[in-house]
file entry.cif (mmCIF, C-alpha atoms)
data_upload
loop_
_atom_site.label_atom_id
_atom_site.label_comp_id
_atom_site.auth_asym_id
_atom_site.auth_seq_id
_atom_site.Cartn_x
_atom_site.Cartn_y
_atom_site.Cartn_z
CA MET A 22 45.91 48.63 43.40
CA PRO A 23 44.98 46.85 40.13
CA SER A 24 45.09 48.90 36.95
CA ASN A 25 42.83 48.83 33.88
CA THR A 26 41.49 45.37 34.59
CA VAL A 27 38.90 44.55 31.95
CA TYR A 28 35.48 43.30 33.05
CA PRO A 29 34.56 40.42 30.76
CA GLY A 30 31.60 40.81 28.45
CA GLY A 31 28.67 38.41 28.43
CA ILE A 32 26.06 37.29 30.91
CA HIS A 33 26.76 37.54 34.63
CA VAL A 34 24.14 36.28 37.06
CA PRO A 35 23.42 37.91 40.43
CA SER A 36 23.00 34.64 42.27
CA LEU A 37 20.17 34.21 44.74
CA THR A 38 21.07 33.36 48.33
CA PHE A 39 19.05 30.57 49.92
CA PHE A 40 18.30 30.31 53.64
CA GLN A 41 17.30 27.60 56.06
CA ASP A 42 13.94 27.51 57.78
CA ASN A 43 15.34 28.11 61.26
CA PRO A 44 15.04 31.08 63.65
CA ARG A 45 18.23 32.74 62.42
CA GLN A 46 17.68 31.88 58.76
CA ASP A 47 21.23 30.62 58.28
CA ILE A 48 22.40 30.08 54.72
CA ASP A 49 21.13 26.81 53.27
CA TRP A 50 24.50 25.61 52.01
CA ALA A 51 23.16 22.42 50.42
CA THR A 52 20.71 24.33 48.23
CA GLN A 53 23.29 27.05 47.61
CA GLU A 54 25.79 24.52 46.31
CA LYS A 55 23.16 22.93 44.09
CA HIS A 56 22.19 26.30 42.62
CA LEU A 57 25.76 27.47 42.07
CA THR A 58 26.58 24.18 40.36
CA PHE A 59 23.60 24.69 38.04
CA LEU A 60 24.77 28.22 37.19
CA ILE A 61 28.42 27.29 36.64
CA GLN A 62 27.54 24.37 34.37
CA SER A 63 25.20 26.51 32.26
CA GLY A 64 27.99 28.43 30.53
CA LEU A 65 27.45 31.81 32.13
CA HIS A 66 30.36 34.23 31.84
CA GLY A 67 30.38 35.18 35.51
CA ILE A 68 28.63 35.02 38.85
CA VAL A 69 27.82 38.00 41.06
CA LEU A 70 27.43 37.15 44.73
CA ALA A 71 25.72 39.35 47.32
CA GLY A 72 24.07 41.66 44.87
CA SER A 73 20.54 42.92 45.38
CA ASN A 74 19.08 39.59 44.23
CA GLY A 75 21.44 37.90 46.68
CA GLU A 76 20.06 40.02 49.53
CA ALA A 77 23.39 41.70 50.16
CA VAL A 78 22.15 43.98 52.92
CA THR A 79 21.21 40.96 55.04
CA LEU A 80 24.56 39.19 54.72
CA SER A 81 27.59 39.49 56.98
CA THR A 82 31.06 39.85 55.52
CA ALA A 83 31.87 36.32 56.72
CA GLU A 84 28.85 34.95 54.85
CA LYS A 85 29.84 36.83 51.72
CA THR A 86 33.38 35.48 51.75
CA SER A 87 32.08 31.97 52.39
CA LEU A 88 29.94 32.31 49.27
CA VAL A 89 33.01 33.35 47.30
CA ASN A 90 35.02 30.42 48.64
CA LEU A 91 32.26 27.96 47.76
CA THR A 92 31.80 29.37 44.27
CA ARG A 93 35.51 29.27 43.50
CA THR A 94 35.79 25.72 44.82
CA LEU A 95 32.86 24.57 42.70
CA ALA A 96 34.12 26.39 39.61
CA THR A 97 37.49 24.69 39.95
CA ARG A 98 35.87 21.30 40.49
CA LEU A 99 33.70 21.83 37.39
CA ASN A 100 36.70 22.76 35.21
CA ARG A 101 35.98 26.48 35.19
CA PRO A 102 38.66 27.72 37.60
CA SER A 103 38.91 31.16 35.99
CA LEU A 104 35.18 31.91 36.14
CA THR A 105 34.70 35.59 36.94
CA ILE A 106 33.36 36.14 40.45
CA THR A 107 32.10 39.56 41.50
CA LEU A 108 31.16 40.29 45.10
CA GLY A 109 28.82 42.99 46.31
CA CYS A 110 30.85 45.18 48.66
CA SER A 111 28.40 47.88 49.62
CA GLY A 112 27.86 49.64 52.92
CA GLN A 113 27.08 52.96 54.51
CA ALA A 114 30.64 53.90 55.52
CA THR A 115 33.59 54.19 53.17
CA ARG A 116 35.89 52.29 55.55
CA ALA A 117 33.42 49.40 55.77
CA VAL A 118 33.19 49.14 52.00
CA ILE A 119 36.97 49.14 51.67
CA ASP A 120 37.22 46.44 54.36
CA GLU A 121 34.81 44.28 52.37
CA THR A 122 36.85 44.68 49.18
CA VAL A 123 39.90 43.46 51.09
CA ALA A 124 37.96 40.47 52.44
CA ALA A 125 36.62 39.75 48.94
CA HIS A 126 40.14 39.78 47.54
CA HIS A 127 41.41 37.33 50.14
CA ALA A 128 38.44 35.03 49.48
CA GLY A 129 39.20 34.84 45.76
CA ALA A 130 36.78 37.30 44.13
CA ASP A 131 37.83 39.10 40.94
CA PHE A 132 35.78 42.30 41.17
CA ALA A 133 33.93 44.33 43.79
CA LEU A 134 30.45 45.63 42.93
CA VAL A 135 29.83 48.84 44.89
CA LEU A 136 26.57 50.71 45.41
CA VAL A 137 26.52 54.36 46.45
CA PRO A 138 25.83 54.78 50.22
CA SER A 139 22.33 56.16 50.66
CA TYR A 140 21.46 56.42 54.35
CA PHE A 141 22.60 60.05 54.32
CA HIS A 142 21.25 60.49 50.79
CA PHE A 143 20.50 64.15 51.41
CA ALA A 144 24.24 64.81 51.70
CA MET A 145 25.34 62.69 48.73
CA ASP A 146 25.63 65.25 45.97
CA ALA A 147 27.77 64.64 42.88
CA GLY A 148 30.94 65.73 44.68
CA ALA A 149 30.34 63.38 47.60
CA ILE A 150 29.58 60.48 45.23
CA LEU A 151 32.74 61.08 43.23
CA ALA A 152 34.80 61.32 46.42
CA PHE A 153 33.32 58.09 47.78
CA PHE A 154 34.01 55.95 44.73
CA THR A 155 37.44 57.48 44.25
CA GLU A 156 38.49 56.68 47.81
CA VAL A 157 37.15 53.13 47.57
CA ALA A 158 38.91 52.55 44.25
CA ASP A 159 42.14 54.05 45.60
CA HIS A 160 42.25 51.47 48.41
CA SER A 161 40.48 48.43 47.02
CA PRO A 162 42.74 45.49 46.10
CA LEU A 163 40.06 44.51 43.58
CA PRO A 164 38.92 46.48 40.55
CA VAL A 165 35.61 48.20 41.27
CA MET A 166 32.38 47.84 39.31
CA LEU A 167 30.02 50.73 39.94
CA TYR A 168 26.44 49.72 40.73
CA ASN A 169 23.74 52.19 39.75
CA TYR A 170 20.42 51.18 41.27
CA PRO A 171 18.44 54.26 42.38
CA GLY A 172 15.55 52.04 43.48
CA VAL A 173 17.50 50.74 46.48
CA ALA A 174 19.68 53.82 46.98
CA ALA A 175 17.09 56.43 47.97
CA GLY A 176 16.87 57.61 44.38
CA LEU A 177 20.57 58.44 44.06
CA ASP A 178 21.46 58.14 40.39
CA LEU A 179 24.90 58.01 38.81
CA ASP A 180 24.40 60.17 35.74
CA SER A 181 26.54 59.93 32.63
CA GLU A 182 28.78 62.81 33.71
CA ILE A 183 29.60 61.06 37.00
CA LEU A 184 30.21 57.76 35.21
CA VAL A 185 32.52 59.32 32.64
CA ALA A 186 34.51 61.06 35.38
CA LEU A 187 34.86 57.83 37.37
CA SER A 188 35.86 55.89 34.24
CA ARG A 189 39.17 57.72 34.35
CA HIS A 190 40.16 55.97 37.57
CA PRO A 191 42.51 53.06 36.75
CA ASN A 192 40.85 50.81 39.34
CA ILE A 193 37.24 51.35 38.22
CA ALA A 194 36.35 48.75 35.61
CA GLY A 195 32.79 49.60 34.65
CA VAL A 196 29.17 49.96 35.68
CA LYS A 197 26.04 47.89 36.07
CA LEU A 198 23.03 49.98 35.09
CA THR A 199 19.96 48.80 37.00
CA CYS A 200 18.28 52.09 36.26
CA GLY A 201 16.94 51.36 32.81
CA GLY A 202 18.82 54.40 31.57
CA ILE A 203 19.66 53.21 28.10
CA GLY A 204 20.45 56.77 27.06
CA LYS A 205 23.44 56.63 29.38
CA VAL A 206 24.99 53.76 27.43
CA PRO A 207 26.00 55.67 24.27
CA ARG A 208 26.89 58.81 26.24
CA VAL A 209 29.18 56.86 28.54
CA THR A 210 30.74 54.53 25.98
CA ALA A 211 31.45 57.49 23.70
CA ALA A 212 33.23 59.53 26.36
CA ALA A 213 34.52 57.08 28.99
CA GLU A 214 38.14 56.21 29.42
CA PRO A 215 38.57 52.67 28.01
CA PRO A 216 38.43 49.88 29.01
CA PHE A 217 35.28 50.95 30.92
CA ALA A 218 32.58 48.27 30.71
CA VAL A 219 28.88 49.12 30.60
CA LEU A 220 26.38 46.34 31.33
CA SER A 221 22.60 46.47 31.46
CA GLY A 222 21.05 45.47 34.74
CA GLN A 223 18.24 43.53 33.06
CA ILE A 224 18.06 41.22 30.07
CA ASP A 225 15.02 42.92 28.52
CA TRP A 226 17.02 45.85 27.15
CA MET A 227 20.42 44.20 26.72
CA GLY A 228 20.16 44.06 22.92
CA PRO A 229 19.43 47.76 22.45
CA ALA A 230 22.17 48.52 24.98
CA MET A 231 24.70 46.35 23.12
CA ALA A 232 23.83 48.19 19.92
CA VAL A 233 25.21 51.37 21.48
CA GLY A 234 28.23 50.01 23.34
CA ALA A 235 27.21 47.76 26.23
CA ILE A 236 29.10 44.48 26.59
CA GLY A 237 26.38 42.30 28.13
CA ALA A 238 24.14 42.12 31.15
CA ILE A 239 24.05 41.30 34.84
CA THR A 240 20.59 39.80 34.97
CA GLY A 241 18.57 38.07 37.65
CA MET A 242 16.64 36.05 35.08
CA ALA A 243 19.79 34.01 34.49
CA ASN A 244 19.08 32.33 37.85
CA LEU A 245 16.38 30.37 36.03
CA TYR A 246 17.21 30.68 32.32
CA PRO A 247 20.99 31.03 32.06
CA ARG A 248 21.36 29.32 28.68
CA THR A 249 18.67 31.51 27.12
CA CYS A 250 20.42 34.64 28.36
CA VAL A 251 23.77 33.43 27.01
CA GLU A 252 22.18 32.52 23.68
CA LEU A 253 20.69 35.99 23.38
CA TYR A 254 24.10 37.55 24.03
CA GLU A 255 25.80 35.29 21.49
CA LEU A 256 23.19 36.07 18.81
CA TYR A 257 23.76 39.80 19.22
CA LYS A 258 27.52 39.33 19.22
CA ALA A 259 27.29 37.32 16.01
CA GLY A 260 25.21 40.01 14.33
CA LYS A 261 22.18 37.73 13.92
CA THR A 262 19.80 40.61 14.48
CA GLN A 263 16.53 39.01 13.44
CA GLU A 264 17.03 35.89 15.57
CA ALA A 265 18.24 38.00 18.46
CA THR A 266 15.26 40.33 18.25
CA GLU A 267 12.81 37.42 18.29
CA LEU A 268 14.47 35.94 21.37
CA GLN A 269 14.77 39.37 22.99
CA LEU A 270 11.00 39.81 22.80
CA GLN A 271 10.44 36.43 24.44
CA ALA A 272 12.99 37.18 27.15
CA ALA A 273 11.49 40.59 27.87
CA THR A 274 8.06 39.06 28.34
CA ALA A 275 9.35 36.46 30.79
CA GLU A 276 11.55 38.90 32.67
CA TRP A 277 8.53 41.03 33.52
CA ALA A 278 7.67 38.29 36.00
CA PHE A 279 11.01 38.77 37.75
CA ALA A 280 10.77 42.55 37.70
CA LYS A 281 7.24 42.70 39.07
CA GLY A 282 7.57 39.68 41.35
CA GLY A 283 10.51 41.17 43.24
CA ILE A 284 13.25 39.23 44.99
CA ASN A 285 10.86 37.07 46.99
CA GLY A 286 8.89 36.24 43.84
CA SER A 287 12.08 35.46 41.94
CA LYS A 288 13.25 33.12 44.68
CA TRP A 289 9.86 31.45 44.83
CA VAL A 290 9.66 30.74 41.10
CA VAL A 291 13.30 29.60 40.85
CA ALA A 292 12.87 27.21 43.77
CA LYS A 293 9.56 25.99 42.32
CA MET A 294 10.88 25.34 38.83
CA LEU A 295 14.30 23.98 39.80
CA GLY A 296 12.98 21.69 42.53
CA TYR A 297 14.58 23.34 45.55
CA PRO A 298 12.94 23.10 49.00
CA GLU A 299 10.05 25.53 49.24
CA THR A 300 11.34 26.75 52.59
CA SER A 301 14.63 27.87 50.99
CA ALA A 302 12.74 30.43 48.90
CA ALA A 303 12.03 32.68 51.89
CA CYS A 304 13.97 35.93 51.96
CA ARG A 305 15.61 36.97 55.19
CA ARG A 306 13.13 38.79 57.34
CA PRO A 307 11.68 41.36 57.36
CA TYR A 308 11.31 40.86 53.59
CA PRO A 309 7.87 39.18 53.36
CA LEU A 310 7.07 35.80 51.88
CA PHE A 311 5.77 35.55 48.33
CA ALA A 312 2.63 33.81 49.51
CA ASP A 313 -0.27 35.21 47.48
CA ALA A 314 -1.64 32.29 45.42
CA SER A 315 -2.89 34.50 42.58
CA LYS A 316 0.49 36.21 42.28
CA GLN A 317 2.25 32.84 42.35
CA LYS A 318 0.03 31.59 39.53
CA TRP A 319 0.61 34.72 37.45
CA MET A 320 4.37 34.59 37.93
CA LEU A 321 4.66 30.90 37.16
CA GLU A 322 2.63 31.22 33.96
CA LEU A 323 4.73 34.13 32.74
CA ALA A 324 8.08 32.62 33.73
CA GLU A 325 7.26 29.28 32.11
CA LYS A 326 7.04 30.86 28.66
CA LEU A 327 10.80 30.53 28.22
CA LYS A 328 11.04 26.98 29.55
CA PRO A 329 10.93 25.29 26.11
CA VAL A 330 13.71 27.57 24.86
CA GLU A 331 15.94 26.78 27.84
CA GLU A 332 15.27 23.04 27.55
CA GLY A 333 16.08 23.10 23.84
CA LEU A 334 19.39 24.86 24.48
CA ALA A 335 20.26 22.41 27.26
CA SER A 336 19.56 19.47 24.91
CA ARG A 337 21.72 21.05 22.23
CA ALA A 338 24.60 21.43 24.69
CA ALA A 339 24.35 17.85 25.98
#

call {"tool": "encode", "arguments": {"input": "entry.cif", "output": "structure tokens"}}
result
Amino acid sequence: MPSNTVYPGGIHVPSLTFFQDNPRQDIDWATQEKHLTFLIQSGLHGIVLAGSNGEAVTLSTAEKTSLVNLTRTLATRLNRPSLTITLGCSGQATRAVIDETVAAHHAGADFALVLVPSYFHFAMDAGAILAFFTEVADHSPLPVMLYNYPGVAAGLDLDSEILVALSRHPNIAGVKLTCGGIGKVPRVTAAAEPPFAVLSGQIDWMGPAMAVGAIGAITGMANLYPRTCVELYELYKAGKTQEATELQLQAATAEWAFAKGGINGSKWVVAKMLGYPETSAACRRPYPLFADASKQKWMLELAEKLKPVEEGLASRAA
């Protein structure tokens, strides 16, 4: 079991997973490689595979490990062999989650991102949640990142007391807060056993979260605007508050498109703006297509607001 492994600060992207337009919706490996190459070359601090944005619940363990293998191969080829790779290892049975952490380790992942099981949500009180994460962390060959996302976990919320208690486990590295609970950040960072990393689950409140102890964000918007997200992080790290605040307001406006558009909307706009096949933007069924023309127009207009910023940063890096 690893011990006190530090989760790196910065911007980590929960990569989208692209599928073919065939009856079984197999992974579109050509588009996947293109997208991962784009992300790796952008300067992001890490890639999260099979998170919620990556449609984790629709992926088999074999598909997840193949994504890890591809990402590590590409990172090495692109001179970033030590890029941090986190794999979503969630499930409804403790043994299944542990099995996925083992598979993730063998595939070359660095961390396991674990969501609380929620099918039997009525039985998952604080004691059951603590017992679950403790058992997973005891047996995982990878350090565990807690994933707090009540919206996809039947409302189950890891409160600050649970997070502080779990921070004492030597194989639990931190938490991704996709709950918008910024009040948890100072409570947890003040009382957690270091080095316990707290990251916001969206870019729109990363700055305020960093002001009270967060070390970055795991944000879906980085699928389209990775350089902008990294720039925002670097401005806050450098103490350039005024510049950071101005960019934070722009980022928050654009991210509303991703939040309201959902995963299918996010995939649609990323494919549209990055020139991927339109068919690859479909989520695995039964998640519906993002097909409403008025919603597409609204999302594209909102998302495009950051395009000049991203292009300017890309030109500066060239």

call {"tool": "resolve_selection", "arguments": {"input": "entry.cif", "expression": "the PyMOL selection byres ((chain A and resi 254) around 8)", "output": "JSON list (two decimals) with C-alpha atoms, in the coordinates of the input"}}
result
[["chain", "number", "residue", "atom", "x", "y", "z"],
["A", 31, "GLY", "CA", 28.67, 38.41, 28.43],
["A", 32, "ILE", "CA", 26.06, 37.29, 30.91],
["A", 228, "GLY", "CA", 20.16, 44.06, 22.92],
["A", 237, "GLY", "CA", 26.38, 42.30, 28.13],
["A", 250, "CYS", "CA", 20.42, 34.64, 28.36],
["A", 251, "VAL", "CA", 23.77, 33.43, 27.01],
["A", 252, "GLU", "CA", 22.18, 32.52, 23.68],
["A", 253, "LEU", "CA", 20.69, 35.99, 23.38],
["A", 255, "GLU", "CA", 25.80, 35.29, 21.49],
["A", 256, "LEU", "CA", 23.19, 36.07, 18.81],
["A", 257, "TYR", "CA", 23.76, 39.80, 19.22],
["A", 258, "LYS", "CA", 27.52, 39.33, 19.22]]

call {"tool": "resolve_selection", "arguments": {"input": "entry.cif", "expression": "the PyMOL selection byres ((chain A and resi 285) around 9)", "output": "ChimeraX atom specification"}}
result
/A:282-284,286-290,302-304,308-311

call {"tool": "residues_around", "arguments": {"input": "entry.cif", "residues": "A:Ala211", "least_positions_apart": "3", "cutoff": "10 Å", "atoms": "all atoms listed in the file", "output": "VMD selection string"}}
result
chain A and resid 185 205 to 208 214 to 215 233 to 234

call {"tool": "resolve_selection", "arguments": {"input": "entry.cif", "expression": "the PyMOL selection byres ((chain A and resi 84) around 12)", "output": "PyMOL selection string"}}
result
chain A and resi 38-40+47-50+70-71+75-83+85-91+108-109+121+124-125+128

call {"tool": "closest_residue", "arguments": {"input": "entry.cif", "among": "A:Asp42, A:Phe153, A:Leu37, A:Val69", "to": "A:Glu54", "atoms": "only C-alpha atoms"}}
result
A:Leu37

call {"tool": "atom_distance", "arguments": {"input": "entry.cif", "atom1": "atom CA of A:Leu65", "atom2": "atom CA of A:Val196"}}
result
18.6 Å

call {"tool": "atom_distance", "arguments": {"input": "entry.cif", "atom1": "atom CA of A:Pro102", "atom2": "atom CA of A:Lys197"}}
result
23.8 Å

call {"tool": "closest_residue", "arguments": {"input": "entry.cif", "among": "A:Leu177, A:Leu57, A:Ala218, A:Ala314", "to": "A:Ala149", "atoms": "all atoms listed in the file"}}
result
A:Leu177

call {"tool": "residues_near_point", "arguments": {"input": "entry.cif", "point": "(40.4, 44.0, 52.9)", "cutoff": "12 Å", "atoms": "only C-alpha atoms", "output": "PyMOL selection string"}}
result
chain A and resi 22+82+86+110+116-130+133+157+160-163

call {"tool": "decode", "arguments": {"input": "entry.cif", "residues": "stretch 105-116 of chain A", "atoms": "all heavy atoms", "output": "PDB file, in the first residue's frame"}}
result
ATOM      1  N   THR A 105       0.600  12.945 -14.638  1.00  0.00           N
ATOM      2  CA  THR A 105      -0.260  12.275 -13.660  1.00  0.00           C
ATOM      3  C   THR A 105      -1.535  11.768 -14.318  1.00  0.00           C
ATOM      4  O   THR A 105      -2.264  12.528 -14.950  1.00  0.00           O
ATOM      5  CB  THR A 105      -0.617  13.231 -12.509  1.00  0.00           C
ATOM      6  OG1 THR A 105       0.584  13.631 -11.850  1.00  0.00           O
ATOM      7  CG2 THR A 105      -1.552  12.559 -11.507  1.00  0.00           C
ATOM      8  N   ILE A 106      -1.782  10.482 -14.158  1.00  0.00           N
ATOM      9  CA  ILE A 106      -2.994   9.854 -14.697  1.00  0.00           C
ATOM     10  C   ILE A 106      -3.811   9.302 -13.541  1.00  0.00           C
ATOM     11  O   ILE A 106      -3.323   8.509 -12.730  1.00  0.00           O
ATOM     12  CB  ILE A 106      -2.654   8.723 -15.684  1.00  0.00           C
ATOM     13  CG1 ILE A 106      -1.896   9.276 -16.896  1.00  0.00           C
ATOM     14  CG2 ILE A 106      -3.934   8.006 -16.142  1.00  0.00           C
ATOM     15  CD1 ILE A 106      -1.417   8.204 -17.858  1.00  0.00           C
ATOM     16  N   THR A 107      -5.052   9.747 -13.464  1.00  0.00           N
ATOM     17  CA  THR A 107      -5.987   9.282 -12.439  1.00  0.00           C
ATOM     18  C   THR A 107      -7.105   8.518 -13.135  1.00  0.00           C
ATOM     19  O   THR A 107      -7.611   8.969 -14.165  1.00  0.00           O
ATOM     20  CB  THR A 107      -6.575  10.485 -11.674  1.00  0.00           C
ATOM     21  OG1 THR A 107      -5.505  11.274 -11.135  1.00  0.00           O
ATOM     22  CG2 THR A 107      -7.493  10.023 -10.552  1.00  0.00           C
ATOM     23  N   LEU A 108      -7.463   7.370 -12.596  1.00  0.00           N
ATOM     24  CA  LEU A 108      -8.529   6.567 -13.200  1.00  0.00           C
ATOM     25  C   LEU A 108      -9.708   6.433 -12.253  1.00  0.00           C
ATOM     26  O   LEU A 108      -9.539   6.113 -11.075  1.00  0.00           O
ATOM     27  CB  LEU A 108      -8.027   5.171 -13.569  1.00  0.00           C
ATOM     28  CG  LEU A 108      -9.054   4.274 -14.289  1.00  0.00           C
ATOM     29  CD1 LEU A 108      -9.387   4.825 -15.677  1.00  0.00           C
ATOM     30  CD2 LEU A 108      -8.563   2.841 -14.396  1.00  0.00           C
ATOM     31  N   GLY A 109     -10.902   6.674 -12.787  1.00  0.00           N
ATOM     32  CA  GLY A 109     -12.109   6.454 -12.013  1.00  0.00           C
ATOM     33  C   GLY A 109     -12.306   4.976 -11.728  1.00  0.00           C
ATOM     34  O   GLY A 109     -12.411   4.167 -12.646  1.00  0.00           O
ATOM     35  N   CYS A 110     -12.334   4.623 -10.457  1.00  0.00           N
ATOM     36  CA  CYS A 110     -12.466   3.220 -10.040  1.00  0.00           C
ATOM     37  C   CYS A 110     -13.675   3.089  -9.113  1.00  0.00           C
ATOM     38  O   CYS A 110     -13.539   2.750  -7.937  1.00  0.00           O
ATOM     39  CB  CYS A 110     -11.197   2.744  -9.332  1.00  0.00           C
ATOM     40  SG  CYS A 110      -9.719   2.743 -10.366  1.00  0.00           S
ATOM     41  N   SER A 111     -14.824   3.400  -9.634  1.00  0.00           N
ATOM     42  CA  SER A 111     -16.026   3.369  -8.812  1.00  0.00           C
ATOM     43  C   SER A 111     -16.905   2.174  -9.166  1.00  0.00           C
ATOM     44  O   SER A 111     -16.846   1.649 -10.282  1.00  0.00           O
ATOM     45  CB  SER A 111     -16.815   4.670  -8.987  1.00  0.00           C
ATOM     46  OG  SER A 111     -16.049   5.769  -8.527  1.00  0.00           O
ATOM     47  N   GLY A 112     -17.708   1.768  -8.220  1.00  0.00           N
ATOM     48  CA  GLY A 112     -18.602   0.636  -8.429  1.00  0.00           C
ATOM     49  C   GLY A 112     -19.542   0.522  -7.251  1.00  0.00           C
ATOM     50  O   GLY A 112     -19.478   1.308  -6.303  1.00  0.00           O
ATOM     51  N   GLN A 113     -20.391  -0.483  -7.283  1.00  0.00           N
ATOM     52  CA  GLN A 113     -21.393  -0.640  -6.240  1.00  0.00           C
ATOM     53  C   GLN A 113     -21.014  -1.687  -5.195  1.00  0.00           C
ATOM     54  O   GLN A 113     -21.735  -1.866  -4.211  1.00  0.00           O
ATOM     55  CB  GLN A 113     -22.741  -0.993  -6.875  1.00  0.00           C
ATOM     56  CG  GLN A 113     -23.278   0.083  -7.813  1.00  0.00           C
ATOM     57  CD  GLN A 113     -23.354   1.449  -7.141  1.00  0.00           C
ATOM     58  OE1 GLN A 113     -23.824   1.590  -6.018  1.00  0.00           O
ATOM     59  NE2 GLN A 113     -22.867   2.472  -7.841  1.00  0.00           N
ATOM     60  N   ALA A 114     -19.899  -2.374  -5.398  1.00  0.00           N
ATOM     61  CA  ALA A 114     -19.422  -3.357  -4.428  1.00  0.00           C
ATOM     62  C   ALA A 114     -17.966  -3.056  -4.098  1.00  0.00           C
ATOM     63  O   ALA A 114     -17.171  -2.755  -4.997  1.00  0.00           O
ATOM     64  CB  ALA A 114     -19.544  -4.778  -4.980  1.00  0.00           C
ATOM     65  N   THR A 115     -17.620  -3.134  -2.842  1.00  0.00           N
ATOM     66  CA  THR A 115     -16.264  -2.813  -2.411  1.00  0.00           C
ATOM     67  C   THR A 115     -15.237  -3.669  -3.156  1.00  0.00           C
ATOM     68  O   THR A 115     -14.208  -3.169  -3.615  1.00  0.00           O
ATOM     69  CB  THR A 115     -16.127  -3.024  -0.895  1.00  0.00           C
ATOM     70  OG1 THR A 115     -17.111  -2.232  -0.229  1.00  0.00           O
ATOM     71  CG2 THR A 115     -14.747  -2.634  -0.412  1.00  0.00           C
ATOM     72  N   ARG A 116     -15.506  -4.963  -3.302  1.00  0.00           N
ATOM     73  CA  ARG A 116     -14.544  -5.848  -3.972  1.00  0.00           C
ATOM     74  C   ARG A 116     -14.329  -5.440  -5.417  1.00  0.00           C
ATOM     75  O   ARG A 116     -13.213  -5.510  -5.934  1.00  0.00           O
ATOM     76  CB  ARG A 116     -14.983  -7.308  -3.895  1.00  0.00           C
ATOM     77  CG  ARG A 116     -16.375  -7.582  -4.428  1.00  0.00           C
ATOM     78  CD  ARG A 116     -16.697  -9.067  -4.429  1.00  0.00           C
ATOM     79  NE  ARG A 116     -16.286  -9.665  -5.709  1.00  0.00           N
ATOM     80  CZ  ARG A 116     -16.212 -10.973  -5.919  1.00  0.00           C
ATOM     81  NH1 ARG A 116     -16.500 -11.821  -4.956  1.00  0.00           N
ATOM     82  NH2 ARG A 116     -15.857 -11.440  -7.093  1.00  0.00           N
TER      83      ARG A 116
END
